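These notes are about the structure you will find just below.
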Amino acid sequence: MFKPPSMLEIFAALHDSLDVAQKLPRNEKLAYKDHRTLPRHQLAYATMTPRLLSFLAHEEHAGLKDYLGNVQRFFCTLNEAPYETGLEPARALEVYWQFVFGPMLAALLYHFRDERNQHYAIHHIGTLLPSWGIQEAPADRARWAKEAIKAQYQYEVKVPQFTQAVNNIRGDSIQSRMVINANLAILDQELHALSHPQREQIHASVSACYNAVMIIRRLEEEGKSDYILLVRDFLNACSQNPASDLMVLHNSIAAVLLQDHSMSLFQWEGHDLLLALDEYIVPNLEAFYPGILDIAARFGVDTDWPEIKSLDNFLVEIDIFASDLSLLGNGFMHYWLMHHHIEHGDVERAFHFSQTFEQIAEQAHTGRFRAYNLLHKIVLHWAIEGKMQHNQFDNDIAQLIMTLPDEIFLLPFKSEKGLTFFSQLDDNEQMLLRLFREFNLHHVNYQVDPFKKLTEIMQVALTVCDGNCSTTTDLFPIFKNGLDKNILRTQHALPFSKRLTYSDAVEILEDLYLLVGLNINDTIIRFQCDPRCKELVLALGRGVIQRS
């Protein structure tokens, strides 16, 4: 069954094809595709991206850096819709190359064909491909490479030693980066000896072309000539007048991907360009939804976040067996049954259906529902176990972020302290809070409180202070004795972070509960109205600090 390549698979293929990790230590060489945790992924991305950019342009090239960042958001949103196809996986992948990958690469190369980019390898890939063709004989492939490199300098300077090095290129082997750099050092020495006034420009142009030639040759030797040919044809189509509608679309997409959107509210969700691309993909992929979605729609069931009344009516009235459904159709039934049991308070049963859906998502393309299910898996585990081991769900968080569609969401903060707290969390911790928020906002009858220790502390403080006029000093022993030992064992208000103590939490109560999608209830309001309640929690923090 076909599943579109994930972002991790795309990045791994890109690094492998360009041989970006050559001569790196094993732990670094695997970094770009061994994303078992989000911090690991971020470290790998930060380490490998400059290296990748330096192969194509230079490591701080703003446009390409923006492109790499934006393209992840683009693909997550493009592939958010779940679907099935009767095509064989190999044929379905060809469709993706025909309408997505091939024209995307061509549009990117076309953008860099301007002469001002001639010192970048990506420019020369785009200018060399139109003259490239599939050559069966290794000698012919080597001849093309040598002629392409020598064309960059042979009419301007004579550098015999470097020319000899170029002539040593063989058709049945690919030069390593070490050999390429050594040959370019020879060129630099010869240009320096000639005192050529444009020495630096010539060296930069030849160097970029040399690397571009070897990138193409490496792809040839890896058996990717058909893909190169496809990109070449799309690249040539960019120069046609008028250009094909598909290439006009992809040139527009490339222009957006090359922009810096970090300071804007731009999102791909619902974007016209993405919707236009779907019109090419869906019919050619012969994609379709399971029929169970049409049946559910007749009952008013929201596919993503079903309302419990309509969902229950659907589940009672439907007369269907698992054997009647496709794999993806079964996946939706398990997803909806998970929602059904959550709303009726049976979270252990709901967790069972979540696990089954996760197994289906490994085989079928479930799109954004894989992310939604991982969300439920994590929150339900907390609801059942009441605890979360350090980094227990790091791998799930990394997968979830790679699957969520690109959409803007705004978080509510009533105080500067609340915003400061949130901004100090790492991406893992922020995402976990967002998961609780999404869960609680969409589940009416069952809410999950990640601050349940803090909630219990507030309730004990209110019980102690209610109807009692004593001072905080007199009330503190009673308050402390009323707390569970598990609460006294730690000062951390969150199960997955040590950045928030109870003392910190009582300063930003409303921000915290709104952040995880919980209402400001009577407990919070009464707690804030009695200063002694807050003083008791602060005293508890001082007591723990003094003991340690």
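Within each chain, counting starts at residue 1; across the structure tokens, chains are named A, B, ... in the order shown, with ligands numbered 1 upward in that order.
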
8 Å contact set for Ile180 (chain A), only C-alpha atoms, chain neighbours under 5 positions out, as a VMD selection string = chain A and resid 175 210 to 211

message = If we count only C-alpha atoms and set the cut-off at 8 Å, which residues sit around region 358-373 of chain A, ignoring sequence neighbours fewer than 4 positions away in its own chain? Please answer as number ranges by chain.
response = A: 1-4, 79-84, 304, 327-328, 331, 335, 354, 377, 399-401, 403-405

Write the selection just made, keeping C-alpha atoms, as a compact mmCIF listing (two decimals), in the first residue's frame?
```txt
# COMPACT_ATOMS: atom_id res chain seq x y z
CA MET A 1 0.00 0.00 0.00
CA PHE A 2 1.37 3.41 -0.99
CA LYS A 3 2.42 5.99 1.56
CA PRO A 4 3.96 9.28 0.36
CA ASN A 79 0.10 15.01 2.60
CA GLU A 80 -2.35 15.77 5.41
CA ALA A 81 -5.35 14.13 3.69
CA PRO A 82 -5.67 10.36 4.18
CA TYR A 83 -6.44 8.36 1.06
CA GLU A 84 -6.18 5.02 -0.64
CA ASP A 304 -11.45 14.75 12.64
CA LEU A 327 -7.50 -1.09 5.89
CA LEU A 328 -7.93 2.71 5.99
CA GLY A 331 -8.50 2.78 10.72
CA TYR A 335 -10.21 6.29 15.48
CA SER A 354 -5.48 4.26 19.67
CA LYS A 377 -1.89 8.22 22.67
CA GLN A 399 6.96 11.92 14.31
CA LEU A 400 3.99 14.07 15.25
CA ILE A 401 5.73 17.32 14.32
CA THR A 403 3.08 14.92 10.29
CA LEU A 404 1.03 17.89 11.54
CA PRO A 405 -0.29 20.14 8.75
```

Mind dumping a table of every region 362-477 of chain A residue within 8 Å of region 532-542 of chain A, with the nearest atom pair and its distance in Å to one decimal, using only C-alpha atoms, sorted by chain and rising number, as a tab-separated table?
```
residue	atom	partner	partner_atom	distance
A:Ile457	CA	A:Val537	CA	7.7
A:Met458	CA	A:Cys533	CA	7.3
A:Ala461	CA	A:Cys533	CA	5.3
A:Leu462	CA	A:Cys533	CA	6.5
A:Cys465	CA	A:Cys533	CA	7.0
A:Thr471	CA	A:Arg532	CA	7.6
A:Thr472	CA	A:Arg532	CA	5.9
A:Leu475	CA	A:Leu536	CA	7.9
A:Phe476	CA	A:Leu536	CA	6.1
```

ask   = Taking into account only C-alpha atoms, which residue in the set A:His58, A:Arg349, A:Arg298, A:His271 is nearest to Ala208 (chain A)?
value = A:His58

request  = Write out as a PyMOL selection string all residues of region 118-254 of chain A that backbone DSSP assigns to helix (DSSP H, G or I).
outcome  = chain A and resi 121-131+138-150+160-167+177-194+199-221+225-238+245-254

task = Considering only C-alpha atoms, return as an NGL selection string whatever protein or nucleic-acid residues lie within 7 Å of Ala493 (chain A), sequence-local ones (same chain, fewer than 3 positions apart) excluded.
result = :A and (451 or 453-454 or 500-502)

Writer output for current selection, N, CA and C atoms, as a PDB file, in the first residue's frame:
```
ATOM      1  N   PHE A 451      -1.898  19.358  35.194  1.00  0.00           N
ATOM      2  CA  PHE A 451      -1.512  20.038  36.435  1.00  0.00           C
ATOM      3  C   PHE A 451      -2.265  19.459  37.632  1.00  0.00           C
ATOM      4  N   LYS A 453      -1.504  17.627  40.113  1.00  0.00           N
ATOM      5  CA  LYS A 453      -0.874  17.808  41.421  1.00  0.00           C
ATOM      6  C   LYS A 453      -1.089  19.231  41.927  1.00  0.00           C
ATOM      7  N   LEU A 454      -0.945  20.191  41.021  1.00  0.00           N
ATOM      8  CA  LEU A 454      -1.174  21.585  41.375  1.00  0.00           C
ATOM      9  C   LEU A 454      -2.635  21.805  41.752  1.00  0.00           C
ATOM     10  N   LEU A 500       8.970  24.307  35.922  1.00  0.00           N
ATOM     11  CA  LEU A 500       7.849  24.963  36.596  1.00  0.00           C
ATOM     12  C   LEU A 500       7.641  24.358  37.980  1.00  0.00           C
ATOM     13  N   THR A 501       7.975  25.118  39.024  1.00  0.00           N
ATOM     14  CA  THR A 501       7.727  24.674  40.395  1.00  0.00           C
ATOM     15  C   THR A 501       6.314  25.086  40.801  1.00  0.00           C
ATOM     16  N   TYR A 502       5.853  24.520  41.926  1.00  0.00           N
ATOM     17  CA  TYR A 502       4.545  24.925  42.441  1.00  0.00           C
ATOM     18  C   TYR A 502       4.527  26.415  42.752  1.00  0.00           C
TER      19      TYR A 502
END
```

key: Selected residue of minimal separation from Ser176 (chain A) among A:Tyr280, A:Leu18, A:His123, A:Arg91, counting only C-alpha atoms   =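 Among the listed residues, A:Leu18 lies closest to Ser176 (chain A).
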
With 12 Å as the cut-off and only C-alpha atoms counted, what is the closest atom pair between each nearby residue of region 188-284 of chain A and region 135-141 of chain A? Distances in Å to one decimal, ordered by chain and number, as a tab-separated table.
```
residue	atom	partner	partner_atom	distance
A:Val213	CA	A:Arg141	CA	10.5
A:Met214	CA	A:Arg141	CA	11.0
A:Ile216	CA	A:Arg141	CA	10.3
A:Arg217	CA	A:Arg141	CA	7.8
A:Arg218	CA	A:Arg141	CA	11.1
A:Leu219	CA	A:Arg141	CA	11.9
A:Glu220	CA	A:Arg141	CA	8.9
A:Glu221	CA	A:Pro138	CA	9.7
A:Gly223	CA	A:Glu136	CA	11.5
A:Ser225	CA	A:Gln135	CA	9.3
A:Asp226	CA	A:Gln135	CA	11.5
A:Leu229	CA	A:Gln135	CA	11.4
```

For the residues selected in the previous step, produce a file with C-alpha atoms as a CSV table (one decimal), in the first residue's frame.
```csv
chain,number,residue,atom,x,y,z
A,213,VAL,CA,29.1,17.8,-12.5
A,214,MET,CA,30.0,15.3,-9.7
A,216,ILE,CA,25.0,14.7,-11.5
A,217,ARG,CA,27.6,11.9,-12.0
A,218,ARG,CA,26.9,10.5,-8.6
A,219,LEU,CA,23.1,10.4,-9.3
A,220,GLU,CA,23.9,8.6,-12.6
A,221,GLU,CA,26.0,6.0,-10.9
A,223,GLY,CA,20.8,4.5,-11.1
A,225,SER,CA,19.2,8.7,-14.6
A,226,ASP,CA,15.5,8.5,-15.2
A,229,LEU,CA,15.9,13.1,-17.3
```

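Nearest residue to Ser205 (chain A) among A:Cys469, A:Ile122, A:Val506, A:Ile10 is A:Ile122, counting only C-alpha atoms.
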
message = Under the rule that only C-alpha atoms are counted, which of A:Asn486, A:Ser252, A:Thr77, A:Thr523 is the nearest residue to Trp268 (chain A)?
response =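 The answer is A:Thr77, which sits nearest to Trp268 (chain A).
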
request  = Could you tell me how far CA of Glu147 (chain A) lies from CA of Ala13 (chain A), in Å and to one decimal?
outcome  =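 Atom-to-atom, CA of Glu147 (chain A) to CA of Ala13 (chain A), that is 28.3 Å.
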
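Among the candidates A:Glu94, A:Glu456, A:Glu429, A:Asp294, the one nearest to Ile487 (chain A) when counting only C-alpha atoms is A:Glu456.
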
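Closest approach to Val231 (chain A) from the set A:Ala276, A:Met338, A:Ile134, A:Ala107 is made by A:Ala107, with distances taken over only C-alpha atoms.
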
Close residues, region 245-248 of chain A itself excluded, 8 Å, only C-alpha atoms, min 3 positions apart in chain, as a list in words =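 My list of contacting residues is Phe99, Pro103, Ala107, Phe234, Ala237, Cys238, Asn251 and Ser252 of chain A.
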
Write the residues of the selection above to a file with all heavy atoms, as a PDB file, in the first residue's frame.
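As written to disk, part_26.pdb reads:
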```
ATOM      1  N   PHE A  99       4.433  14.869 -10.786  1.00  0.00           N
ATOM      2  CA  PHE A  99       3.657  16.070 -10.490  1.00  0.00           C
ATOM      3  C   PHE A  99       4.143  16.856  -9.270  1.00  0.00           C
ATOM      4  O   PHE A  99       3.718  17.990  -9.077  1.00  0.00           O
ATOM      5  CB  PHE A  99       2.178  15.708 -10.309  1.00  0.00           C
ATOM      6  CG  PHE A  99       1.554  15.163 -11.560  1.00  0.00           C
ATOM      7  CD1 PHE A  99       1.381  13.800 -11.732  1.00  0.00           C
ATOM      8  CD2 PHE A  99       1.176  16.014 -12.582  1.00  0.00           C
ATOM      9  CE1 PHE A  99       0.825  13.291 -12.888  1.00  0.00           C
ATOM     10  CE2 PHE A  99       0.622  15.523 -13.754  1.00  0.00           C
ATOM     11  CZ  PHE A  99       0.452  14.157 -13.905  1.00  0.00           C
ATOM     12  N   PRO A 103       8.905  18.450 -10.956  1.00  0.00           N
ATOM     13  CA  PRO A 103       8.728  19.877 -11.252  1.00  0.00           C
ATOM     14  C   PRO A 103       9.185  20.796 -10.119  1.00  0.00           C
ATOM     15  O   PRO A 103       9.613  21.926 -10.376  1.00  0.00           O
ATOM     16  CB  PRO A 103       7.215  20.009 -11.501  1.00  0.00           C
ATOM     17  CG  PRO A 103       6.604  18.758 -10.978  1.00  0.00           C
ATOM     18  CD  PRO A 103       7.640  17.701 -11.057  1.00  0.00           C
ATOM     19  N   ALA A 107      11.825  23.733 -10.829  1.00  0.00           N
ATOM     20  CA  ALA A 107      11.509  25.127 -10.506  1.00  0.00           C
ATOM     21  C   ALA A 107      12.589  25.745  -9.634  1.00  0.00           C
ATOM     22  O   ALA A 107      12.963  26.916  -9.810  1.00  0.00           O
ATOM     23  CB  ALA A 107      10.149  25.204  -9.809  1.00  0.00           C
ATOM     24  N   PHE A 234      11.454  18.943 -17.320  1.00  0.00           N
ATOM     25  CA  PHE A 234      10.675  20.004 -16.661  1.00  0.00           C
ATOM     26  C   PHE A 234      11.442  21.326 -16.673  1.00  0.00           C
ATOM     27  O   PHE A 234      10.849  22.398 -16.817  1.00  0.00           O
ATOM     28  CB  PHE A 234      10.341  19.607 -15.227  1.00  0.00           C
ATOM     29  CG  PHE A 234       9.171  18.677 -15.107  1.00  0.00           C
ATOM     30  CD1 PHE A 234       9.292  17.434 -14.513  1.00  0.00           C
ATOM     31  CD2 PHE A 234       7.926  19.052 -15.592  1.00  0.00           C
ATOM     32  CE1 PHE A 234       8.214  16.582 -14.396  1.00  0.00           C
ATOM     33  CE2 PHE A 234       6.827  18.202 -15.485  1.00  0.00           C
ATOM     34  CZ  PHE A 234       6.972  16.962 -14.888  1.00  0.00           C
ATOM     35  N   ALA A 237      11.027  22.871 -19.892  1.00  0.00           N
ATOM     36  CA  ALA A 237       9.662  23.374 -20.025  1.00  0.00           C
ATOM     37  C   ALA A 237       9.499  24.754 -19.393  1.00  0.00           C
ATOM     38  O   ALA A 237       8.626  25.525 -19.792  1.00  0.00           O
ATOM     39  CB  ALA A 237       8.675  22.397 -19.389  1.00  0.00           C
ATOM     40  N   CYS A 238      10.368  25.056 -18.425  1.00  0.00           N
ATOM     41  CA  CYS A 238      10.303  26.379 -17.787  1.00  0.00           C
ATOM     42  C   CYS A 238      10.633  27.487 -18.780  1.00  0.00           C
ATOM     43  O   CYS A 238      10.177  28.630 -18.624  1.00  0.00           O
ATOM     44  CB  CYS A 238      11.282  26.457 -16.615  1.00  0.00           C
ATOM     45  SG  CYS A 238      10.819  25.460 -15.186  1.00  0.00           S
ATOM     46  N   ASN A 251       6.650  27.080 -10.300  1.00  0.00           N
ATOM     47  CA  ASN A 251       7.478  28.284 -10.166  1.00  0.00           C
ATOM     48  C   ASN A 251       6.893  29.228  -9.112  1.00  0.00           C
ATOM     49  O   ASN A 251       7.632  29.866  -8.357  1.00  0.00           O
ATOM     50  CB  ASN A 251       7.596  29.005 -11.512  1.00  0.00           C
ATOM     51  CG  ASN A 251       8.583  28.325 -12.445  1.00  0.00           C
ATOM     52  OD1 ASN A 251       9.576  27.753 -12.010  1.00  0.00           O
ATOM     53  ND2 ASN A 251       8.310  28.372 -13.739  1.00  0.00           N
ATOM     54  N   SER A 252       5.575  29.289  -9.043  1.00  0.00           N
ATOM     55  CA  SER A 252       4.924  30.108  -8.020  1.00  0.00           C
ATOM     56  C   SER A 252       5.137  29.523  -6.629  1.00  0.00           C
ATOM     57  O   SER A 252       5.383  30.253  -5.662  1.00  0.00           O
ATOM     58  CB  SER A 252       3.417  30.221  -8.304  1.00  0.00           C
ATOM     59  OG  SER A 252       3.176  30.837  -9.545  1.00  0.00           O
TER      60      SER A 252
END
```

task = Using only C-alpha atoms, determine which residues lie at most 7 Å from Pro450 (chain A), disregarding the query and same-chain residues fewer than 2 positions distant; provide the list as a PyMOL selection string.
result = chain A and resi 448+452+494
